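The structure appears right after this line, and notes come after that.
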Amino acid sequence: MSASGDAPDRDLPPGVSGPPGWLLTVVKDQRVAFLIVGGINTIQGTLWYWVFYALLGPLAGSFGHMVALVPTYAAAIFCAFLLYRKFVFKVKGHFVRDLLRFSTVYLTMFLINIPMLGLLVNVLHLSPYVAQVLNVAVTTVASWVFHNRFSFRRTESELAEQEKTLNA
C-alpha cells in the first residue's frame, strides 16, 4: 500500500489487478514477477512433458509425443495457477472462476500446441523434446498476454471489496 493507504504503489500492466503477491516484495514489478514465475512454469512444464513422454511415449507408438501433452497440460495448469495466484497476483476469492479463466488460457495454448508439435515432429522431423521446448517458448509469450488481461482480472468493485477485507 502507499503511505496514504490508497491503491498499492506498483506499475500494473493493463487488465492486471489485485494486491501484490510475495514475489513483488522482492522484484517490485508485476511484469518481472510474472516472467520469473513463467520461467519456473516453463521449466516445470518441460519436465512434466519429458516425464510423461518417457512414460507414455513408448506405449502410444508414433503418437506418443501427442499423448504426453494431455497429462502435461493438466499437471502444468494446476501448478502454474497456484504459483501465479500465490506469488504474483495474490487475489482473494473467485478461486473456481479464476481457475476456469486460467485453464481457458492454457486450453487455448494447448490447441495451438497440438498442430505446432505435429508440424515440428512429423513434418520437420525434430525431436519431440526439442519441438516441445520451442512450443513452450511461443505459448509462454501468448499466455502472458491472456493472463495479463483476463485470468486474474478484478473489477473495481471486487478490488474495493478485497481492500476492505485486507484492511479489516
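Residues in the C-alpha cells are numbered from 1 in each chain, the chains being A, B, ... in the order shown, and ligands are numbered from 1 in the order shown.
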Backbone-only DSSP, helix (DSSP H, G or I) members of chain A, as a PyMOL selection string: chain A and resi 22-27+30-67+69-89+95-123+128-151+156-167
Neighbouring residues of segment 74-86 of chain A were defined as those with any atom within 10 Å, considering only C-alpha atoms; residues of the same chain fewer than 5 positions away were excluded. Please report them as a PyMOL selection string. chain A and resi 20-23+33-34+37-38+40-42+44-49+69+91-92+95+98-99+102-107+147+151-152
One decimal, in Å: what's the spacing between atom CA of Val121 of chain A and atom CA of Leu59 of chain A?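 That distance, rounded to one decimal, is 17.6 Å.
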Would you mind reading off the distance between atom CA of Met109 of chain A and atom CA of Ala142 of chain A, one decimal, in Å?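 Between atom CA of Met109 of chain A and atom CA of Ala142 of chain A the gap is 7.7 Å.
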Would you mind telling me which residue in A:Thr140, A:Thr25, A:Ser157, A:Thr165 lies nearest to Gly39 of chain A when using only C-alpha atoms?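 Nearest candidate to Gly39 of chain A out of A:Thr140, A:Thr25, A:Ser157, A:Thr165: A:Thr140.
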Identify, on the basis of only C-alpha atoms, every residue whose closest approach to Gly64 of chain A does not exceed 10 Å; exclude the query and any residue fewer than 3 positions from it along the same chain; express the result as number ranges by chain. A: 52-61, 67-69, 128
